[in-house]
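A.B. asks: As input, take upload.pdb (PDB, C-alpha atoms):
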```
MODEL        1
ATOM      1  CA  MET A   1     -17.358   4.822   9.574
ATOM      2  CA  LEU A   2     -15.187   6.702   7.069
ATOM      3  CA  ILE A   3     -13.929  10.189   7.900
ATOM      4  CA  THR A   4     -13.622  12.873   5.227
ATOM      5  CA  HIS A   5     -10.213  14.488   5.077
ATOM      6  CA  PRO A   6     -10.339  18.222   4.206
ATOM      7  CA  PRO A   7      -8.305  19.498   1.247
ATOM      8  CA  LYS A   8      -4.848  20.844   2.092
ATOM      9  CA  ASP A   9      -5.032  23.798  -0.300
ATOM     10  CA  GLN A  10      -8.151  24.376  -2.383
ATOM     11  CA  ALA A  11      -6.558  27.121  -4.487
ATOM     12  CA  LEU A  12      -3.572  24.888  -5.318
ATOM     13  CA  THR A  13      -5.878  21.967  -6.145
ATOM     14  CA  HIS A  14      -7.946  24.169  -8.475
ATOM     15  CA  SER A  15      -4.807  25.504 -10.182
ATOM     16  CA  LEU A  16      -3.386  22.012 -10.640
ATOM     17  CA  LEU A  17      -6.718  20.788 -12.010
ATOM     18  CA  LEU A  18      -6.646  23.548 -14.639
ATOM     19  CA  ASP A  19      -3.064  22.642 -15.589
ATOM     20  CA  LEU A  20      -3.899  18.953 -15.907
ATOM     21  CA  HIS A  21      -7.001  19.714 -17.941
ATOM     22  CA  THR A  22      -4.982  21.906 -20.320
ATOM     23  CA  THR A  23      -2.310  19.224 -20.680
ATOM     24  CA  SER A  24      -4.835  16.474 -21.384
ATOM     25  CA  LYS A  25      -6.583  18.638 -24.026
ATOM     26  CA  MET A  26      -3.239  19.229 -25.749
ATOM     27  CA  SER A  27      -2.602  15.489 -25.848
ATOM     28  CA  LYS A  28      -3.360  13.751 -29.141
ATOM     29  CA  ASP A  29      -5.109  10.942 -27.307
ATOM     30  CA  SER A  30      -7.186  11.988 -24.291
ATOM     31  CA  SER A  31      -8.946   8.628 -24.069
ATOM     32  CA  THR A  32      -9.752   7.368 -20.578
ATOM     33  CA  SER A  33      -9.865   3.668 -21.421
ATOM     34  CA  ASN A  34      -7.446   3.224 -18.515
ATOM     35  CA  TYR A  35     -10.029   4.704 -16.104
ATOM     36  CA  HIS A  36     -12.498   2.314 -14.435
ATOM     37  CA  ASP A  37     -15.395   3.037 -12.100
ATOM     38  CA  VAL A  38     -15.254  -0.210 -10.110
ATOM     39  CA  LYS A  39     -18.642  -1.652  -9.140
ATOM     40  CA  SER A  40     -17.799  -4.998  -7.537
ATOM     41  CA  VAL A  41     -15.058  -6.913  -5.740
ATOM     42  CA  GLU A  42     -14.925  -9.324  -8.682
ATOM     43  CA  GLU A  43     -14.350  -6.478 -11.154
ATOM     44  CA  PHE A  44     -11.610  -5.074  -8.909
ATOM     45  CA  LYS A  45      -9.829  -8.439  -8.739
ATOM     46  CA  SER A  46     -10.124  -8.961 -12.486
ATOM     47  CA  LEU A  47      -8.671  -5.543 -13.308
ATOM     48  CA  MET A  48      -5.813  -5.875 -10.820
ATOM     49  CA  GLU A  49      -4.842  -9.362 -11.984
ATOM     50  CA  ALA A  50      -4.965  -8.529 -15.704
ATOM     51  CA  ASP A  51      -1.438  -7.064 -15.772
ATOM     52  CA  LEU A  52       0.753  -7.317 -12.669
ATOM     53  CA  GLU A  53       3.484  -5.230 -14.323
ATOM     54  CA  ARG A  54       1.225  -2.218 -14.773
ATOM     55  CA  VAL A  55       1.097   0.664 -12.303
ATOM     56  CA  SER A  56      -2.364   1.109 -10.804
ATOM     57  CA  LEU A  57      -3.822   4.095  -8.954
ATOM     58  CA  LEU A  58      -6.652   3.253  -6.553
ATOM     59  CA  ASN A  59      -8.902   6.187  -5.654
ATOM     60  CA  PHE A  60     -11.015   5.515  -2.535
ATOM     61  CA  TRP A  61     -13.790   8.096  -2.167
ATOM     62  CA  ALA A  62     -17.238   8.675  -0.710
ATOM     63  CA  PRO A  63     -20.246  10.543  -2.174
ATOM     64  CA  LEU A  64     -21.426  13.915  -0.855
ATOM     65  CA  ALA A  65     -17.916  14.752   0.324
ATOM     66  CA  ALA A  66     -16.638  17.954  -1.268
ATOM     67  CA  PRO A  67     -12.910  17.026  -1.038
ATOM     68  CA  CYS A  68     -13.659  13.722  -2.799
ATOM     69  CA  GLU A  69     -15.655  15.406  -5.570
ATOM     70  CA  GLN A  70     -12.787  17.769  -6.325
ATOM     71  CA  MET A  71     -10.129  15.047  -6.145
ATOM     72  CA  ASN A  72     -12.211  12.759  -8.375
ATOM     73  CA  GLN A  73     -11.816  15.374 -11.106
ATOM     74  CA  VAL A  74      -8.061  15.509 -10.471
ATOM     75  CA  VAL A  75      -7.886  11.710 -10.751
ATOM     76  CA  LYS A  76      -9.777  11.723 -14.074
ATOM     77  CA  GLU A  77      -7.378  14.283 -15.500
ATOM     78  CA  LEU A  78      -4.400  12.253 -14.255
ATOM     79  CA  ALA A  79      -5.869   9.212 -16.034
ATOM     80  CA  LYS A  80      -5.919  11.201 -19.295
ATOM     81  CA  LYS A  81      -2.391  12.511 -18.831
ATOM     82  CA  TYR A  82      -0.823   9.203 -17.770
ATOM     83  CA  ASP A  83      -2.639   6.695 -19.958
ATOM     84  CA  SER A  84      -0.152   3.913 -19.172
ATOM     85  CA  THR A  85      -1.391   3.937 -15.565
ATOM     86  CA  GLN A  86      -4.528   2.005 -14.686
ATOM     87  CA  VAL A  87      -6.871   4.158 -12.587
ATOM     88  CA  LEU A  88      -9.567   2.534 -10.442
ATOM     89  CA  SER A  89     -12.275   4.666  -8.834
ATOM     90  CA  ILE A  90     -13.607   2.851  -5.746
ATOM     91  CA  GLN A  91     -16.527   4.030  -3.609
ATOM     92  CA  ALA A  92     -15.187   2.987  -0.212
ATOM     93  CA  GLU A  93     -18.497   2.372   1.538
ATOM     94  CA  GLU A  94     -19.937   0.310  -1.332
ATOM     95  CA  LEU A  95     -16.821  -1.861  -1.670
ATOM     96  CA  GLU A  96     -16.102  -2.040   2.039
ATOM     97  CA  ASP A  97     -14.064  -5.245   1.832
ATOM     98  CA  VAL A  98     -11.670  -3.717  -0.690
ATOM     99  CA  ALA A  99     -11.340  -0.512   1.330
ATOM    100  CA  GLU A 100     -10.828  -2.527   4.509
ATOM    101  CA  SER A 101      -8.083  -4.626   2.945
ATOM    102  CA  PHE A 102      -6.139  -1.435   2.171
ATOM    103  CA  ASP A 103      -6.733   0.004   5.676
ATOM    104  CA  VAL A 104      -8.800   2.909   4.353
ATOM    105  CA  GLU A 105     -10.188   4.932   7.265
ATOM    106  CA  LEU A 106     -10.178   8.404   5.700
ATOM    107  CA  VAL A 107     -11.433   9.567   2.315
ATOM    108  CA  PRO A 108     -10.082  10.430  -0.097
ATOM    109  CA  THR A 109      -7.234   7.900   0.067
ATOM    110  CA  PHE A 110      -5.010   7.037  -2.886
ATOM    111  CA  VAL A 111      -2.900   3.888  -3.254
ATOM    112  CA  LEU A 112      -0.310   3.383  -6.004
ATOM    113  CA  LEU A 113       0.601  -0.220  -6.782
ATOM    114  CA  LYS A 114       2.638  -2.167  -9.270
ATOM    115  CA  GLY A 115       1.157  -5.627  -9.159
ATOM    116  CA  HIS A 116       1.101  -6.393  -5.445
ATOM    117  CA  THR A 117       3.930  -3.983  -4.604
ATOM    118  CA  LEU A 118       2.997  -0.791  -2.783
ATOM    119  CA  LEU A 119       4.592   2.254  -4.421
ATOM    120  CA  ALA A 120       2.925   5.121  -2.566
ATOM    121  CA  ARG A 121      -0.014   5.983  -0.334
ATOM    122  CA  ILE A 122      -1.568   9.446  -0.020
ATOM    123  CA  THR A 123      -4.264  10.181   2.533
ATOM    124  CA  GLY A 124      -6.331  13.323   2.108
ATOM    125  CA  ALA A 125      -7.098  15.797  -0.652
ATOM    126  CA  ASP A 126      -3.466  16.571  -1.490
ATOM    127  CA  ALA A 127      -3.532  17.094  -5.258
ATOM    128  CA  ALA A 128       0.100  18.183  -5.578
ATOM    129  CA  THR A 129       1.501  15.144  -3.743
ATOM    130  CA  LEU A 130      -0.781  12.813  -5.716
ATOM    131  CA  ASN A 131       0.300  14.375  -9.023
ATOM    132  CA  ASP A 132       3.981  14.053  -8.084
ATOM    133  CA  ALA A 133       3.572  10.405  -7.037
ATOM    134  CA  VAL A 134       1.753   9.416 -10.230
ATOM    135  CA  ALA A 135       4.282  11.301 -12.342
ATOM    136  CA  ALA A 136       7.199   9.615 -10.567
ATOM    137  CA  HIS A 137       5.895   6.083 -11.025
ATOM    138  CA  SER A 138       4.354   6.471 -14.468
ATOM    139  CA  ARG A 139       7.677   6.955 -16.193
ATOM    140  CA  LYS A 140      11.218   5.672 -15.739
ATOM    141  CA  ALA A 141      13.245   7.491 -13.137
ATOM    142  CA  PRO A 142      16.224   9.394 -14.608
ATOM    143  CA  GLN A 143      19.669   7.897 -14.057
ATOM    144  CA  ALA A 144      21.898   9.650 -11.582
ATOM    145  CA  LEU A 145      24.631  11.735 -13.225
ATOM    146  CA  THR A 146      27.051  11.215 -10.342
ATOM    147  CA  LYS A 147      27.538   8.640  -7.648
ATOM    148  CA  THR A 148      26.494  11.072  -4.931
ATOM    149  CA  ASP A 149      23.923  13.783  -4.507
ATOM    150  CA  LEU A 150      25.935  15.515  -1.776
ATOM    151  CA  PRO A 151      27.505  18.908  -2.572
ATOM    152  CA  PRO A 152      31.324  19.187  -2.358
ATOM    153  CA  GLN A 153      32.475  19.757   1.201
ATOM    154  CA  ALA A 154      34.369  22.910   2.192
ATOM    155  CA  PRO A 155      37.969  22.334   3.407
ATOM    156  CA  PRO A 156      38.284  22.214   7.220
ATOM    157  CA  LYS A 157      39.207  25.483   8.903
ATOM    158  CA  GLU A 158      42.557  25.619  10.726
ATOM    159  CA  ILE A 159      42.292  26.281  14.457
ATOM    160  CA  PRO A 160      45.116  28.337  16.032
ATOM    161  CA  ASP A 161      47.051  26.583  18.801
ATOM    162  CA  ASN A 162      46.205  29.399  21.254
ATOM    163  CA  ALA A 163      42.470  29.287  20.512
ATOM    164  CA  ILE A 164      40.239  28.935  23.546
ATOM    165  CA  LYS A 165      38.316  25.697  23.411
ATOM    166  CA  ALA A 166      34.622  25.742  24.166
ATOM    167  CA  PRO A 167      33.552  23.682  27.165
ATOM    168  CA  ALA A 168      32.406  20.185  26.291
ATOM    169  CA  ALA A 169      28.668  19.848  25.904
ATOM    170  CA  ALA A 170      26.803  17.868  28.513
ATOM    171  CA  PRO A 171      26.155  14.303  27.364
ATOM    172  CA  GLU A 172      22.711  13.807  25.908
ATOM    173  CA  PRO A 173      20.428  11.280  27.589
ATOM    174  CA  VAL A 174      20.688   7.870  26.008
ATOM    175  CA  ALA A 175      17.634   7.263  23.829
ATOM    176  CA  GLU A 176      15.908   3.923  23.875
ATOM    177  CA  LYS A 177      17.436   1.750  21.170
ATOM    178  CA  GLN A 178      15.229   1.552  18.104
ATOM    179  CA  GLU A 179      14.810  -1.685  16.208
ATOM    180  CA  SER A 180      16.874  -1.638  13.032
ATOM    181  CA  GLU A 181      15.433  -2.743   9.692
ATOM    182  CA  GLU A 182      17.547  -5.915   9.844
ATOM    183  CA  GLU A 183      16.320  -6.708  13.357
ATOM    184  CA  LEU A 184      12.713  -6.111  12.330
ATOM    185  CA  THR A 185      13.100  -8.362   9.293
ATOM    186  CA  GLU A 186      14.610 -11.080  11.468
ATOM    187  CA  ARG A 187      11.742 -10.772  13.955
ATOM    188  CA  CYS A 188       9.198 -11.056  11.133
ATOM    189  CA  LYS A 189      10.959 -14.153   9.788
ATOM    190  CA  LYS A 190      10.767 -15.779  13.213
ATOM    191  CA  LEU A 191       7.051 -14.965  13.423
ATOM    192  CA  MET A 192       6.572 -16.503   9.976
ATOM    193  CA  GLU A 193       8.298 -19.677  11.181
ATOM    194  CA  GLN A 194       6.519 -20.009  14.532
ATOM    195  CA  SER A 195       4.465 -22.934  13.169
ATOM    196  CA  LYS A 196       3.897 -24.789   9.905
ATOM    197  CA  ILE A 197       0.980 -22.504   8.988
ATOM    198  CA  VAL A 198       0.787 -18.929  10.243
ATOM    199  CA  LEU A 199      -1.977 -16.466   9.460
ATOM    200  CA  PHE A 200      -1.179 -12.768   9.743
ATOM    201  CA  MET A 201      -4.616 -11.251  10.135
ATOM    202  CA  LYS A 202      -6.646  -8.419  11.632
ATOM    203  CA  GLY A 203      -7.894  -9.538  15.025
ATOM    204  CA  SER A 204      -7.974 -13.158  16.179
ATOM    205  CA  PRO A 205      -9.590 -16.317  14.734
ATOM    206  CA  ASP A 206     -12.418 -16.043  17.267
ATOM    207  CA  ALA A 207     -12.791 -12.286  16.805
ATOM    208  CA  PRO A 208     -11.624 -11.287  13.311
ATOM    209  CA  ARG A 209     -11.703  -7.563  12.606
ATOM    210  CA  CYS A 210     -12.154  -7.566   8.833
ATOM    211  CA  GLY A 211     -14.210  -9.524   6.334
ATOM    212  CA  PHE A 212     -11.213 -11.010   4.506
ATOM    213  CA  SER A 213      -9.676 -12.277   7.761
ATOM    214  CA  ARG A 214     -13.017 -13.784   8.763
ATOM    215  CA  GLN A 215     -13.322 -15.624   5.435
ATOM    216  CA  THR A 216      -9.747 -16.929   5.597
ATOM    217  CA  VAL A 217     -10.208 -18.322   9.103
ATOM    218  CA  ALA A 218     -13.458 -20.007   8.033
ATOM    219  CA  ILE A 219     -11.742 -21.641   5.026
ATOM    220  CA  LEU A 220      -8.772 -22.883   7.072
ATOM    221  CA  ARG A 221     -11.104 -24.368   9.670
ATOM    222  CA  GLU A 222     -13.198 -25.943   6.925
ATOM    223  CA  GLN A 223      -9.989 -27.482   5.553
ATOM    224  CA  LYS A 224      -9.243 -28.796   9.079
ATOM    225  CA  VAL A 225      -5.903 -27.045   9.097
ATOM    226  CA  GLU A 226      -4.105 -26.279  12.354
ATOM    227  CA  PHE A 227      -2.603 -22.809  12.326
ATOM    228  CA  THR A 228      -1.308 -20.084  14.567
ATOM    229  CA  HIS A 229      -2.043 -16.410  14.040
ATOM    230  CA  PHE A 230      -0.583 -12.964  14.575
ATOM    231  CA  ASP A 231      -2.782  -9.882  14.946
ATOM    232  CA  ILE A 232      -1.108  -7.241  12.768
ATOM    233  CA  LEU A 233      -3.230  -4.521  14.410
ATOM    234  CA  THR A 234      -1.127  -4.962  17.573
ATOM    235  CA  ASP A 235       2.225  -4.210  15.913
ATOM    236  CA  GLU A 236       2.429  -1.515  13.238
ATOM    237  CA  ALA A 237       6.121  -2.202  12.573
ATOM    238  CA  VAL A 238       5.443  -5.856  11.723
ATOM    239  CA  ARG A 239       2.394  -4.861   9.698
ATOM    240  CA  GLN A 240       4.383  -2.542   7.436
ATOM    241  CA  ALA A 241       7.456  -4.777   7.235
ATOM    242  CA  LEU A 242       5.482  -7.805   6.046
ATOM    243  CA  LYS A 243       4.115  -5.803   3.116
ATOM    244  CA  LYS A 244       7.700  -5.310   1.912
ATOM    245  CA  ILE A 245       9.072  -8.740   2.825
ATOM    246  CA  ASN A 246       6.267 -10.620   1.084
ATOM    247  CA  GLU A 247       5.654  -7.955  -1.607
ATOM    248  CA  TRP A 248       1.956  -8.054  -0.776
ATOM    249  CA  PRO A 249       0.181  -4.831   0.298
ATOM    250  CA  THR A 250      -2.888  -6.270   2.033
ATOM    251  CA  PHE A 251      -3.909  -8.637   4.816
ATOM    252  CA  PRO A 252      -4.538 -11.408   5.684
ATOM    253  CA  GLN A 253      -1.302 -13.082   4.627
ATOM    254  CA  LEU A 254      -0.949 -16.855   4.831
ATOM    255  CA  ILE A 255       2.472 -18.374   5.510
ATOM    256  CA  VAL A 256       3.146 -22.071   4.883
ATOM    257  CA  LYS A 257       6.393 -23.585   6.214
ATOM    258  CA  GLY A 258       7.967 -20.156   6.532
ATOM    259  CA  GLU A 259       7.117 -19.104   2.974
ATOM    260  CA  PHE A 260       4.465 -16.633   1.835
ATOM    261  CA  HIS A 261       1.561 -18.504   0.230
ATOM    262  CA  GLY A 262      -0.776 -15.594  -0.566
ATOM    263  CA  GLY A 263      -3.905 -13.803   0.501
ATOM    264  CA  LEU A 264      -7.522 -14.906   0.501
ATOM    265  CA  ASP A 265      -7.830 -15.097  -3.291
ATOM    266  CA  VAL A 266      -4.667 -17.171  -3.680
ATOM    267  CA  LEU A 267      -5.853 -19.513  -0.919
ATOM    268  CA  LYS A 268      -9.188 -20.048  -2.700
ATOM    269  CA  GLU A 269      -7.460 -20.655  -6.031
ATOM    270  CA  SER A 270      -4.978 -23.139  -4.538
ATOM    271  CA  ILE A 271      -7.844 -25.090  -2.955
ATOM    272  CA  GLU A 272      -9.741 -25.211  -6.244
ATOM    273  CA  SER A 273      -6.631 -26.351  -8.151
ATOM    274  CA  GLY A 274      -5.718 -28.988  -5.567
ATOM    275  CA  GLU A 275      -2.407 -27.282  -4.787
ATOM    276  CA  PHE A 276      -3.379 -26.612  -1.172
ATOM    277  CA  GLU A 277      -4.212 -30.297  -0.645
ATOM    278  CA  GLU A 278      -0.672 -31.132  -1.750
ATOM    279  CA  LEU A 279       0.708 -28.520   0.643
ATOM    280  CA  LYS A 280      -1.259 -30.050   3.521
ATOM    281  CA  ALA A 281       0.023 -33.514   2.651
ATOM    282  CA  GLY A 282       3.601 -32.239   2.882
ATOM    283  CA  LEU A 283       3.202 -30.711   6.342
TER
ENDMDL
END
```
What does this structure look like when you write it as structure tokens?
C.D. replies:
Amino acid sequence: MLITHPPKDQALTHSLLLDLHTTSKMSKDSSTSNYHDVKSVEEFKSLMEADLERVSLLNFWAPLAAPCEQMNQVVKELAKKYDSTQVLSIQAEELEDVAESFDVELVPTFVLLKGHTLLARITGADAATLNDAVAAHSRKAPQALTKTDLPPQAPPKEIPDNAIKAPAAAPEPVAEKQESEEELTERCKKLMEQSKIVLFMKGSPDAPRCGFSRQTVAILREQKVEFTHFDILTDEAVRQALKKINEWPTFPQLIVKGEFHGGLDVLKESIESGEFEELKAGL
């Protein structure tokens, strides 16, 4: 069941909506041909695959939820203002598989993508943060004027020889060592190489916890493929790292001989084309 996230600041959202509406009216072209009210999984796939270089904003919402109604208006105005960005309006409960693949548990939720690369994720009715994220990714970032953003440091103060030194502070307790990004990447690589075919999924093959994972397991079994699995719901660090390593924002993810093969759609396409049969023959 989806939970509605209350707006952070209704007055700010209303003010921003007025500003966006004014800006879009001043624009010579206020067309919303880049705005799509998605009705099916097939339509979603088609729109997302049409141009993998284009930035897309996914708006997951639910009816009869006041925060969603207000944010839907914000999203429409953003679509008018940033017409180079593809905007997809997705009713989360109607397209449950799509919402599930993006881990949507609260509405509204907004996901910014470029192709399969995750740019930003905003949960809740936070109009200001959403506006800033869309603005940042809908145009080229300015080049830095200097090599550092740090202000110039003040010269060190001289300490007289006869100054009384403060007593040394008590040593702080040693914190548990956190896994570095390099260590996490290395751990993910080892998981990807644990067998010839590895499926990173939600749940287990006998108890999958999302529709896409269930379908992928069924296809692999139908293809008589031996595979191991990793439940990404048990390790949030691995879950987030794999999205970056494989440049793929959703699960399941199929790994063949240590290399990312794709998600459910790519698996289906490779079976239809005969590519997957060739992969199996080379195992």
A.B. asks: For this file, the PyMOL selection byres ((chain A and resi 78-89) around 7) selects which residues, as a list in words?
C.D. replies: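 Here the PyMOL selection byres ((chain A and resi 78-89) around 7) matches Leu20, Thr23, Ser24, Ser30, Ser31, Thr32, Asn34, Tyr35, His36, Asp37, Val38, Arg54, Val55, Ser56, Leu57, Leu58, Asn59, Phe60, Val74, Val75, Lys76, Glu77, Ile90, Gln91 and Ser138 of chain A.
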A.B. asks: Calculated over only C-alpha atoms, which of the candidates A:Ala120, A:Leu191, A:Leu113, A:Ala92 has the smallest distance to Met48 in chain A?
C.D. replies: A:Leu113
A.B. asks: So what does the PyMOL selection byres ((chain A and resi 234-249) around 6) actually pick up in this one, as a short mmCIF file (atom, residue, chain, number, x, y, z; two decimals) with C-alpha atoms, keeping the file's coordinate frame?
C.D. replies:
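File produced: out_21.cif:
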```
data_model
loop_
_atom_site.label_atom_id
_atom_site.label_comp_id
_atom_site.auth_asym_id
_atom_site.auth_seq_id
_atom_site.Cartn_x
_atom_site.Cartn_y
_atom_site.Cartn_z
CA HIS A 116 1.10 -6.39 -5.44
CA THR A 117 3.93 -3.98 -4.60
CA LEU A 118 3.00 -0.79 -2.78
CA ASP A 231 -2.78 -9.88 14.95
CA ILE A 232 -1.11 -7.24 12.77
CA LEU A 233 -3.23 -4.52 14.41
CA THR A 250 -2.89 -6.27 2.03
#
```
A.B. asks: Which of these residues is nearest to Phe251 in chain A, using only C-alpha atoms: A:Thr216, A:Ser46, A:Gln223, A:Ser101?
C.D. replies: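 The shortest atom-to-atom distance to Phe251 in chain A comes from A:Ser101.
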A.B. asks: Apply the PyMOL selection byres ((chain A and resi 121) around 9) to the displayed file and report the matching residues as a PyMOL selection string.
C.D. replies: chain A and resi 109-113+118-120+122-123+130+133
A.B. asks: Given 5 Å on each side, where is the centre and what are the edge lengths in Å to one decimal of the axis-aligned box enclosing the listed atoms of range 41-51 of chain A, as JSON?
C.D. replies:
```
{"center_x": -8.2, "center_y": -7.2, "center_z": -10.8, "size_x": 23.6, "size_y": 14.3, "size_z": 20.0}
```
A.B. asks: Separation of CA of Cys188 in chain A and CA of His261 in chain A, in Å?
C.D. replies: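 Answer for the CA of Cys188 in chain A to CA of His261 in chain A separation: 15.3 Å.
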A.B. asks: Could you tell me which of A:Lys190, A:His229, A:Thr185, A:Cys68 comes closest to Asp206 in chain A if we count only C-alpha atoms?
C.D. replies: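 The shortest atom-to-atom distance to Asp206 in chain A comes from A:His229.
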A.B. asks: Would you mind reading off the distance between CA of Glu275 in chain A and CA of Glu49 in chain A, one decimal, in Å?
C.D. replies: 19.5 Å
A.B. asks: Find the distance between CA of Gln70 in chain A and CA of Val104 in chain A and write it in Å to one decimal.
C.D. replies: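 So the two atoms, CA of Gln70 in chain A and CA of Val104 in chain A, lie 18.7 Å apart.
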A.B. asks: List the spatial neighbours of Met192 in chain A as number ranges by chain - criterion: any atom at most 10 Å away, all atoms listed in the file, same-chain residues fewer than 6 positions off excluded.
C.D. replies: A: 186, 198-200, 228-230, 242, 254-260
